[in-house]
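S.K.: Handing over upload_1.tsv, TSV, C-alpha atoms.
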```tsv
chain	number	residue	atom	x	y	z
A	1	MET	CA	114.38	133.53	17.62
A	2	LEU	CA	115.06	136.83	15.92
A	3	ALA	CA	113.93	139.63	18.20
A	4	ASN	CA	114.94	142.78	16.41
A	5	GLY	CA	115.33	142.24	12.71
A	6	GLY	CA	118.89	140.85	12.69
A	7	ALA	CA	120.87	141.09	9.50
A	8	GLU	CA	118.20	143.07	7.66
A	9	LYS	CA	119.13	146.19	9.62
A	10	VAL	CA	122.53	146.30	7.98
A	11	THR	CA	123.08	150.05	7.98
A	12	ALA	CA	122.07	150.57	11.60
A	13	LEU	CA	124.00	147.57	12.81
A	14	GLU	CA	127.19	148.22	10.95
A	15	LYS	CA	127.44	151.88	11.82
A	16	HIS	CA	126.55	151.72	15.50
A	17	ALA	CA	129.02	152.09	18.33
A	18	ARG	CA	128.40	153.28	21.86
A	19	SER	CA	131.12	154.84	23.94
A	20	GLY	CA	131.21	154.90	27.69
A	21	ILE	CA	133.67	153.16	29.95
A	22	LEU	CA	133.62	150.45	27.29
A	23	CYS	CA	133.39	150.83	23.53
A	24	THR	CA	130.84	148.63	21.78
A	25	ALA	CA	129.99	147.99	18.15
A	26	GLN	CA	128.16	145.43	16.08
A	27	VAL	CA	128.00	144.28	12.49
A	28	ALA	CA	125.82	141.95	10.45
A	29	TRP	CA	127.43	138.56	9.83
A	30	THR	CA	126.92	139.07	6.08
A	31	ASN	CA	129.52	141.86	6.00
A	32	THR	CA	132.48	140.66	3.94
A	33	SER	CA	135.04	142.25	6.30
A	34	PRO	CA	133.21	142.30	9.63
A	35	VAL	CA	136.13	142.86	11.98
A	36	THR	CA	137.55	145.65	9.83
A	37	GLU	CA	134.16	147.35	10.12
A	38	LEU	CA	134.03	146.72	13.87
A	39	GLN	CA	137.53	148.12	14.31
A	40	LYS	CA	136.48	151.32	12.57
A	41	ASP	CA	133.26	151.61	14.57
A	42	LEU	CA	134.95	150.97	17.92
A	43	GLY	CA	136.90	154.17	17.42
A	44	SER	CA	140.48	155.27	17.87
A	45	ARG	CA	141.03	154.47	21.55
A	46	GLU	CA	143.82	152.02	22.34
A	47	PHE	CA	142.43	148.73	23.63
A	48	GLY	CA	144.01	146.23	25.96
A	49	LEU	CA	141.29	143.69	25.20
A	50	VAL	CA	138.60	143.19	22.57
A	51	ALA	CA	135.83	140.62	23.06
A	52	LEU	CA	133.86	139.27	20.08
A	53	PHE	CA	130.53	137.47	20.46
A	54	VAL	CA	129.99	135.73	17.14
A	55	THR	CA	126.73	134.43	15.69
A	56	PRO	CA	126.94	130.76	14.63
A	57	LEU	CA	125.87	131.93	11.16
A	58	ALA	CA	129.29	133.52	10.67
A	59	ASP	CA	132.55	131.84	9.65
A	60	PHE	CA	134.04	131.80	13.15
A	61	HIS	CA	137.53	130.83	12.02
A	62	GLY	CA	137.50	133.56	9.40
A	63	VAL	CA	136.36	136.15	11.94
A	64	VAL	CA	139.09	135.11	14.36
A	65	ALA	CA	141.75	135.26	11.64
A	66	GLU	CA	140.62	138.73	10.56
A	67	ALA	CA	140.65	139.90	14.19
A	68	GLU	CA	144.26	138.78	14.50
A	69	ARG	CA	145.14	140.98	11.52
A	70	CYS	CA	143.10	143.97	12.70
A	71	PHE	CA	144.27	143.91	16.33
A	72	PRO	CA	147.82	142.49	16.21
A	73	ALA	CA	148.91	144.12	19.49
A	74	THR	CA	145.67	143.51	21.41
A	75	ASP	CA	144.31	140.43	23.14
A	76	VAL	CA	141.17	139.34	21.28
A	77	LEU	CA	138.90	136.73	22.79
A	78	ALA	CA	135.92	135.33	20.92
A	79	CYS	CA	133.17	132.77	21.28
A	80	THR	CA	130.20	131.46	19.37
A	81	THR	CA	126.77	132.36	20.73
A	82	ALA	CA	123.19	131.19	21.12
A	83	GLY	CA	122.14	134.70	20.08
A	84	GLU	CA	123.52	138.16	20.64
A	85	ILE	CA	122.64	141.11	22.89
A	86	GLY	CA	123.34	144.27	20.96
A	87	GLN	CA	122.20	147.86	20.68
A	88	SER	CA	118.52	146.86	20.58
A	89	GLY	CA	118.66	144.01	23.07
A	90	TYR	CA	118.04	140.46	21.88
A	91	ASP	CA	119.16	139.94	18.31
A	92	GLU	CA	120.65	137.38	15.94
A	93	GLY	CA	122.98	137.30	12.98
A	94	LEU	CA	125.46	139.71	14.53
A	95	ILE	CA	129.07	139.92	15.55
A	96	VAL	CA	129.16	142.06	18.69
A	97	ALA	CA	132.41	143.68	19.85
A	98	ILE	CA	133.40	145.15	23.20
A	99	GLY	CA	136.60	147.16	23.52
A	100	PHE	CA	138.31	147.65	26.89
A	101	PRO	CA	140.41	150.84	26.67
A	102	LYS	CA	143.92	150.68	28.11
A	103	SER	CA	143.27	153.98	29.84
A	104	GLY	CA	140.81	152.28	32.17
A	105	PHE	CA	141.79	148.61	32.21
A	106	SER	CA	144.76	146.33	32.65
A	107	THR	CA	144.08	142.78	31.48
A	108	THR	CA	145.63	139.40	30.89
A	109	SER	CA	144.01	136.51	29.03
A	110	MET	CA	144.85	132.84	28.81
A	111	LEU	CA	143.58	130.00	26.61
A	112	ILE	CA	143.16	126.81	28.61
A	113	GLU	CA	142.84	123.71	26.44
A	114	ASP	CA	141.54	120.16	26.94
A	115	ILE	CA	139.36	121.11	29.88
A	116	GLN	CA	137.75	117.66	29.79
A	117	ASN	CA	141.06	116.19	30.96
A	118	LEU	CA	142.30	119.12	33.00
A	119	ASN	CA	145.62	118.83	34.81
A	120	ALA	CA	144.43	121.08	37.58
A	121	GLN	CA	147.52	122.13	39.52
A	122	PRO	CA	149.52	123.67	36.64
A	123	VAL	CA	146.41	125.63	35.61
A	124	ILE	CA	145.83	126.85	39.18
A	125	ASP	CA	149.49	127.86	39.45
A	126	ARG	CA	149.36	129.70	36.13
A	127	ILE	CA	146.23	131.64	37.10
A	128	THR	CA	147.71	132.51	40.48
A	129	LEU	CA	150.92	133.86	38.93
A	130	GLU	CA	148.99	135.84	36.29
A	131	ARG	CA	146.74	137.35	38.97
A	132	ILE	CA	149.70	138.46	41.09
A	133	ALA	CA	151.58	139.85	38.07
A	134	LEU	CA	148.51	141.80	36.94
A	135	GLN	CA	148.12	143.34	40.36
A	136	ASP	CA	151.81	144.24	40.54
A	137	ARG	CA	151.84	146.04	37.19
A	138	SER	CA	148.62	147.99	37.78
A	139	PRO	CA	148.48	148.83	41.51
A	140	GLU	CA	146.55	152.02	40.77
A	141	MET	CA	143.65	150.00	39.37
A	142	GLU	CA	141.89	148.84	42.51
A	143	ASN	CA	138.87	147.01	41.09
A	144	GLY	CA	139.40	143.49	39.79
A	145	PHE	CA	137.27	140.69	38.37
A	146	ALA	CA	137.57	137.72	36.01
A	147	PHE	CA	135.62	136.90	32.85
A	148	LEU	CA	135.32	133.34	31.57
A	149	VAL	CA	134.09	132.00	28.24
A	150	VAL	CA	134.05	128.23	27.90
A	151	ASP	CA	133.01	125.58	25.38
A	152	GLY	CA	129.29	125.09	26.04
A	153	LEU	CA	129.27	121.49	24.80
A	154	SER	CA	132.32	120.33	26.75
A	155	LEU	CA	130.25	118.99	29.69
A	156	SER	CA	133.11	120.32	31.82
A	157	GLU	CA	132.02	123.80	32.87
A	158	ASP	CA	131.03	122.69	36.38
A	159	THR	CA	134.34	121.10	37.30
A	160	PHE	CA	136.36	123.76	35.49
A	161	ALA	CA	134.71	126.67	37.30
A	162	ALA	CA	135.09	124.94	40.66
A	163	THR	CA	138.74	124.09	39.94
A	164	ILE	CA	139.94	127.56	38.99
A	165	SER	CA	137.95	129.54	41.53
A	166	PRO	CA	140.42	129.18	44.45
A	167	ALA	CA	143.25	130.60	42.32
A	168	LEU	CA	141.32	133.85	41.96
A	169	ARG	CA	141.16	134.43	45.73
A	170	ASP	CA	138.81	137.39	46.30
A	171	MET	CA	138.55	138.30	42.60
A	172	PRO	CA	134.89	137.79	41.57
A	173	ILE	CA	134.31	135.81	38.39
A	174	PHE	CA	131.43	135.62	35.93
A	175	GLY	CA	131.07	134.25	32.44
A	176	GLY	CA	129.13	132.31	29.86
A	177	SER	CA	129.26	129.08	27.91
A	178	ALA	CA	129.69	129.44	24.16
A	179	GLY	CA	126.58	128.53	22.18
A	180	ASP	CA	125.46	127.30	18.78
A	181	GLY	CA	122.01	128.81	18.41
A	182	ILE	CA	119.53	126.01	19.11
A	183	ASP	CA	121.52	123.42	17.12
A	184	PHE	CA	123.87	122.15	19.89
A	185	LYS	CA	126.42	120.87	17.37
A	186	GLU	CA	129.63	122.89	17.73
A	187	THR	CA	130.70	125.59	20.16
A	188	LEU	CA	134.03	127.37	19.94
A	189	VAL	CA	136.17	129.81	21.88
A	190	ALA	CA	139.27	131.64	20.66
A	191	LEU	CA	142.14	133.79	21.82
A	192	ASN	CA	144.50	135.72	19.57
A	193	GLY	CA	143.82	133.80	16.40
A	194	LYS	CA	143.61	130.33	17.93
A	195	SER	CA	140.14	128.72	17.82
A	196	LYS	CA	139.37	125.71	19.99
A	197	SER	CA	136.63	123.45	21.26
A	198	ASN	CA	137.04	121.67	24.61
A	199	ALA	CA	138.67	124.86	25.86
A	200	ALA	CA	138.13	128.04	27.84
A	201	VAL	CA	139.41	131.60	27.75
A	202	LEU	CA	139.93	133.19	31.15
A	203	THR	CA	140.56	136.93	31.34
A	204	LEU	CA	141.67	138.71	34.49
A	205	LEU	CA	140.92	142.43	34.57
A	206	ARG	CA	141.80	145.30	36.84
A	207	SER	CA	140.14	148.66	36.37
A	208	GLN	CA	140.16	152.20	37.66
A	209	HIS	CA	136.37	152.10	37.32
A	210	LYS	CA	133.99	150.65	39.86
A	211	ALA	CA	132.78	147.22	38.76
A	212	ARG	CA	130.00	145.09	40.23
A	213	VAL	CA	129.71	141.42	39.28
A	214	PHE	CA	126.15	140.11	39.53
A	215	SER	CA	123.90	137.14	38.84
A	216	LEU	CA	120.13	137.23	38.58
A	217	ASP	CA	117.26	134.84	37.95
A	218	HIS	CA	113.49	135.21	38.10
A	219	LEU	CA	112.56	131.74	39.34
A	220	VAL	CA	110.61	130.96	42.52
A	221	PRO	CA	110.81	127.40	43.98
A	222	THR	CA	107.50	125.57	44.50
A	223	GLU	CA	106.62	122.65	46.80
A	224	ARG	CA	106.85	120.10	43.97
A	225	GLN	CA	109.97	117.97	44.31
A	226	MET	CA	111.53	114.91	42.70
A	227	VAL	CA	114.56	112.74	43.40
A	228	VAL	CA	117.10	111.62	40.81
A	229	THR	CA	117.24	107.84	41.26
A	230	GLU	CA	119.45	106.89	38.30
A	231	ALA	CA	121.87	109.11	36.40
A	232	ASP	CA	124.97	109.25	34.23
A	233	PRO	CA	126.75	112.29	35.74
A	234	ASP	CA	129.56	112.33	33.17
A	235	ARG	CA	127.05	112.89	30.37
A	236	ARG	CA	124.62	114.96	32.47
A	237	ILE	CA	121.85	112.44	31.82
A	238	VAL	CA	119.05	111.56	34.25
A	239	LYS	CA	117.63	108.13	33.51
A	240	SER	CA	115.03	107.87	36.25
A	241	ILE	CA	113.21	110.16	38.66
A	242	ASN	CA	111.38	108.75	41.68
A	243	ALA	CA	112.29	105.29	40.30
A	244	GLU	CA	110.29	106.01	37.13
A	245	PRO	CA	111.52	106.82	33.59
A	246	ALA	CA	112.84	110.36	33.84
A	247	ALA	CA	110.99	112.18	31.07
A	248	ARG	CA	107.67	110.52	31.85
A	249	GLU	CA	107.90	111.29	35.57
A	250	TYR	CA	109.00	114.89	34.99
A	251	ALA	CA	106.04	115.35	32.63
A	252	ARG	CA	103.64	113.93	35.23
A	253	ILE	CA	104.93	116.26	37.94
A	254	VAL	CA	104.65	119.40	35.80
A	255	GLY	CA	101.32	118.31	34.28
A	256	LYS	CA	102.44	117.88	30.68
A	257	ASP	CA	102.11	115.21	28.00
A	258	PRO	CA	105.39	113.21	28.01
A	259	GLU	CA	105.23	113.02	24.22
A	260	GLN	CA	105.09	116.80	23.92
A	261	LEU	CA	108.09	117.84	26.02
A	262	ASP	CA	110.22	120.46	24.25
A	263	ARG	CA	112.52	123.38	24.98
A	264	PHE	CA	109.52	125.60	25.74
A	265	THR	CA	108.34	123.16	28.41
A	266	PHE	CA	111.77	123.11	30.02
A	267	ALA	CA	112.03	126.90	29.94
A	268	SER	CA	108.63	127.40	31.58
A	269	HIS	CA	108.96	124.52	34.10
A	270	PRO	CA	112.60	124.63	35.25
A	271	VAL	CA	113.98	122.62	38.14
A	272	VAL	CA	116.33	123.92	40.82
A	273	VAL	CA	118.63	122.39	43.42
A	274	ARG	CA	119.42	123.83	46.83
A	275	ILE	CA	123.14	124.52	47.41
A	276	GLY	CA	124.30	126.29	50.55
A	277	GLY	CA	120.92	127.81	51.30
A	278	THR	CA	120.42	129.12	47.75
A	279	HIS	CA	118.53	127.58	44.85
A	280	HIS	CA	120.37	127.11	41.56
A	281	VAL	CA	118.81	125.98	38.30
A	282	ARG	CA	119.64	122.60	36.81
A	283	ALA	CA	118.22	123.25	33.36
A	284	ILE	CA	117.00	120.48	31.06
A	285	GLN	CA	118.33	120.61	27.51
A	286	GLN	CA	116.31	117.86	25.83
A	287	VAL	CA	114.74	114.40	25.98
A	288	ASN	CA	116.90	111.79	24.27
A	289	ASP	CA	115.66	108.80	22.28
A	290	ALA	CA	115.69	106.61	25.40
A	291	GLY	CA	113.27	108.90	27.24
A	292	GLU	CA	116.02	110.25	29.47
A	293	LEU	CA	116.55	113.89	30.39
A	294	VAL	CA	119.75	115.58	29.23
A	295	PHE	CA	120.77	118.52	31.41
A	296	PHE	CA	122.84	121.65	30.78
A	297	SER	CA	124.73	121.35	34.07
A	298	ALA	CA	125.88	118.90	36.73
A	299	ILE	CA	123.45	116.24	37.89
A	300	ASP	CA	123.83	113.18	40.11
A	301	GLU	CA	121.92	110.39	41.79
A	302	GLY	CA	120.23	111.36	45.04
A	303	MET	CA	119.88	115.00	44.00
A	304	VAL	CA	116.57	116.53	45.04
A	305	LEU	CA	115.12	118.70	42.30
A	306	THR	CA	112.43	121.29	42.96
A	307	VAL	CA	110.12	122.60	40.26
A	308	ALA	CA	110.30	126.38	40.02
A	309	THR	CA	107.81	128.85	38.63
A	310	PRO	CA	108.94	131.94	36.71
A	311	ASP	CA	108.28	135.44	37.96
A	312	ASN	CA	107.40	138.01	35.31
A	313	MET	CA	110.70	138.28	33.43
A	314	ALA	CA	110.36	141.89	32.38
A	315	GLU	CA	109.26	143.17	35.77
A	316	HIS	CA	112.03	141.18	37.45
A	317	LEU	CA	114.73	142.46	35.09
A	318	ARG	CA	113.51	146.01	35.52
A	319	ARG	CA	113.78	145.65	39.32
A	320	LYS	CA	117.28	144.18	39.11
A	321	MET	CA	118.48	146.90	36.76
A	322	ALA	CA	117.09	149.45	39.21
A	323	GLU	CA	119.05	147.77	42.02
A	324	LEU	CA	122.23	148.01	39.95
A	325	SER	CA	121.48	151.73	39.52
A	326	GLU	CA	120.85	152.55	43.19
A	327	ASP	CA	124.14	154.45	43.53
A	328	GLY	CA	124.13	155.79	40.00
A	329	ALA	CA	123.37	154.27	36.62
A	330	PRO	CA	126.01	151.93	35.16
A	331	ALA	CA	127.93	153.32	32.22
A	332	ASN	CA	127.97	149.85	30.64
A	333	ILE	CA	126.86	146.32	31.50
A	334	ILE	CA	128.18	143.06	30.06
A	335	GLY	CA	125.56	140.31	30.23
A	336	CYS	CA	125.79	136.54	29.74
A	337	ASP	CA	122.15	135.52	29.39
A	338	CYS	CA	120.96	131.91	29.29
A	339	ILE	CA	119.36	130.70	26.07
A	340	LEU	CA	116.45	129.46	28.21
A	341	ARG	CA	115.65	133.04	29.20
A	342	ARG	CA	115.51	133.99	25.52
A	343	ILE	CA	113.29	131.00	24.74
A	344	GLU	CA	110.97	131.83	27.64
A	345	ALA	CA	110.85	135.47	26.54
A	346	GLU	CA	109.67	134.38	23.09
A	347	GLN	CA	107.12	131.99	24.54
A	348	THR	CA	105.66	134.68	26.81
A	349	GLN	CA	105.94	137.42	24.17
A	350	MET	CA	108.29	139.48	26.32
A	351	SER	CA	111.26	139.62	23.94
A	352	ARG	CA	110.61	143.20	22.89
A	353	GLU	CA	110.07	144.47	26.44
A	354	LEU	CA	113.19	142.72	27.73
A	355	SER	CA	115.17	144.06	24.78
A	356	GLU	CA	114.04	147.59	25.54
A	357	ILE	CA	115.14	147.22	29.18
A	358	MET	CA	118.56	145.88	28.19
A	359	SER	CA	119.05	148.59	25.59
A	360	GLU	CA	118.05	151.30	28.06
A	361	HIS	CA	120.62	150.04	30.56
A	362	ARG	CA	123.39	149.58	27.96
A	363	VAL	CA	123.63	145.81	28.29
A	364	THR	CA	125.88	144.16	25.70
A	365	GLY	CA	126.64	140.45	25.55
A	366	PHE	CA	125.36	137.13	24.30
A	367	SER	CA	122.99	134.24	24.95
A	368	THR	CA	124.72	131.25	26.49
A	369	TYR	CA	124.46	127.52	27.08
A	370	GLY	CA	125.14	128.22	30.77
A	371	GLU	CA	126.56	130.88	33.04
A	372	GLN	CA	129.43	130.98	35.49
A	373	ILE	CA	129.28	132.87	38.77
A	374	GLY	CA	131.99	132.30	41.36
A	375	PRO	CA	132.77	128.56	41.51
A	376	LEU	CA	129.38	127.59	40.06
A	377	HIS	CA	128.11	126.76	36.58
A	378	VAL	CA	124.40	127.64	36.49
A	379	ASN	CA	121.50	127.98	34.05
A	380	HIS	CA	118.45	130.14	33.41
A	381	THR	CA	120.27	133.20	34.77
A	382	MET	CA	121.97	136.34	33.59
A	383	SER	CA	125.47	136.79	34.97
A	384	GLY	CA	127.44	139.90	34.26
A	385	VAL	CA	129.34	142.95	35.38
A	386	ALA	CA	128.22	146.57	35.66
A	387	PHE	CA	130.72	149.42	35.28
A	388	TYR	CA	130.38	152.78	37.00
A	389	TYR	CA	132.14	156.09	36.69
A	390	SER	CA	133.97	157.17	39.82
A	391	ASP	CA	132.64	160.20	41.69
A	392	SER	CA	135.31	162.43	40.12
A	393	GLU	CA	134.51	161.13	36.62
A	394	ALA	CA	130.78	161.60	37.18
A	395	GLU	CA	131.34	165.18	38.32
A	396	ALA	CA	133.50	165.86	35.27
```
As structure tokens, how would this structure be written, given the file I've shared?
M.R.:
Amino acid sequence: MLANGGAEKVTALEKHARSGILCTAQVAWTNTSPVTELQKDLGSREFGLVALFVTPLADFHGVVAEAERCFPATDVLACTTAGEIGQSGYDEGLIVAIGFPKSGFSTTSMLIEDIQNLNAQPVIDRITLERIALQDRSPEMENGFAFLVVDGLSLSEDTFAATISPALRDMPIFGGSAGDGIDFKETLVALNGKSKSNAAVLTLLRSQHKARVFSLDHLVPTERQMVVTEADPDRRIVKSINAEPAAREYARIVGKDPEQLDRFTFASHPVVVRIGGTHHVRAIQQVNDAGELVFFSAIDEGMVLTVATPDNMAEHLRRKMAELSEDGAPANIIGCDCILRRIEAEQTQMSRELSEIMSEHRVTGFSTYGEQIGPLHVNHTMSGVAFYYSDSEAEA
């Protein structure tokens, strides 16, 4: 899945940093002191927050420990990825860093553990108090949003996102689920030296810069529908569709051989569910040994699934980036991009074109096992935030 040469481009990767509203840098995972190198490349500005998107090839615990030494007075959040989005767009084998300068941001981060058995009210209360305190100490920073990274194998992203959303009030939230390449074995998040699975890191940010949270997908619903007739919601497994074995019936509906279903099939023939007048993807992860479909997000009996057809990914992304630039080009964009988009891009030979678009528009981020937008956990999307200079900054 390597789009742009990965670790071979050591010199370019290790020495690159882009400054704007954010500071970004990246380093090959083979570097013996990767965070030390990132710290140097991020520059001398004082950061309130540093985010690290870490290839699963790297020693995550070692990276987190080094970050604690390099940034002792700064909140550092980190997560494993299903691929990175760096200076050249889609890439692999990198540790990507984003620095949020104190001059433009006030932030607070919290590690929330055991999200599979969440005691909701104390978490809601904690988030509420942190949100109010952040607003009180930075009243001059009028633009606020929240950023969430969560264990992508916890099977808890749906309920977690829905649970915490009310505590944020009118603060928009986006985020991504930590990944593990295409292995689906272990996903980790970390805050300030503490690495955890079955956990999430929630960061609340206020900024003097204009910020626009967004979500995009390139899928168009068709007339082909199916009904989930037997499921195990706790494990996100669909056992039967239209009262037939799930994988076999899905294959029939999309016109594929049931013995040949793979991640490329699921990426090119996604299914969506209608929620509140809008379609949201319920992406399929794999077929298990029992011929059942394992999903990336919430599923239940009685759910009506609609097969969707992809629009041209590159043309769609170009249009959406243009929309984000209608009132001026963003200085930086953070993107949480579903692994299924990356897989589809490879299958349709659009990886290079998509990478060029993301690089042109200064998108930095990672490939996910799912995306969060508002109270929803979704798939096959890119969620993110675009930052803009104020009119006075632009004139300067």
S.K.: Find, counting all atoms listed in the file, the residue in A:Glu140, A:Leu216, A:Leu191, A:Thr306 that gets nearest to Glu323 in chain A.
M.R.: A:Leu216
S.K.: Please list as a PyMOL selection string every residue within 7 Å of Arg263 in chain A, counting only C-alpha atoms and excluding residues in the same chain fewer than 2 positions away.
M.R.: chain A and resi 265-267+285-286
S.K.: Select, from A:Glu356, A:Glu66, A:Glu371, A:Glu130, the residue with the minimum atom-to-atom distance to Ala283 in chain A, counting all atoms listed in the file.
M.R.: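 Residue with the minimum atom-to-atom distance to Ala283 in chain A: A:Glu371.
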S.K.: I'd like the neighbourhood of Phe296 in chain A as a PyMOL selection string, where a residue qualifies if any of its atoms comes within 12 Å (using all atoms listed in the file), though same-chain residues fewer than 2 positions away should be ignored.
M.R.: chain A and resi 152-158+177+179+184+233-238+263+266+270-271+281-287+293-294+298-299+338-340+368-371+377-380
S.K.: Please compute the CA of Ser351 in chain A-CA of Thr364 in chain A distance, one decimal, in Å.
M.R.: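 Interatomic distance here is 15.4 Å.
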S.K.: May I ask for the distance between CA of Val304 in chain A and CA of Pro166 in chain A, given in Å to one decimal place?
M.R.: 27.0 Å
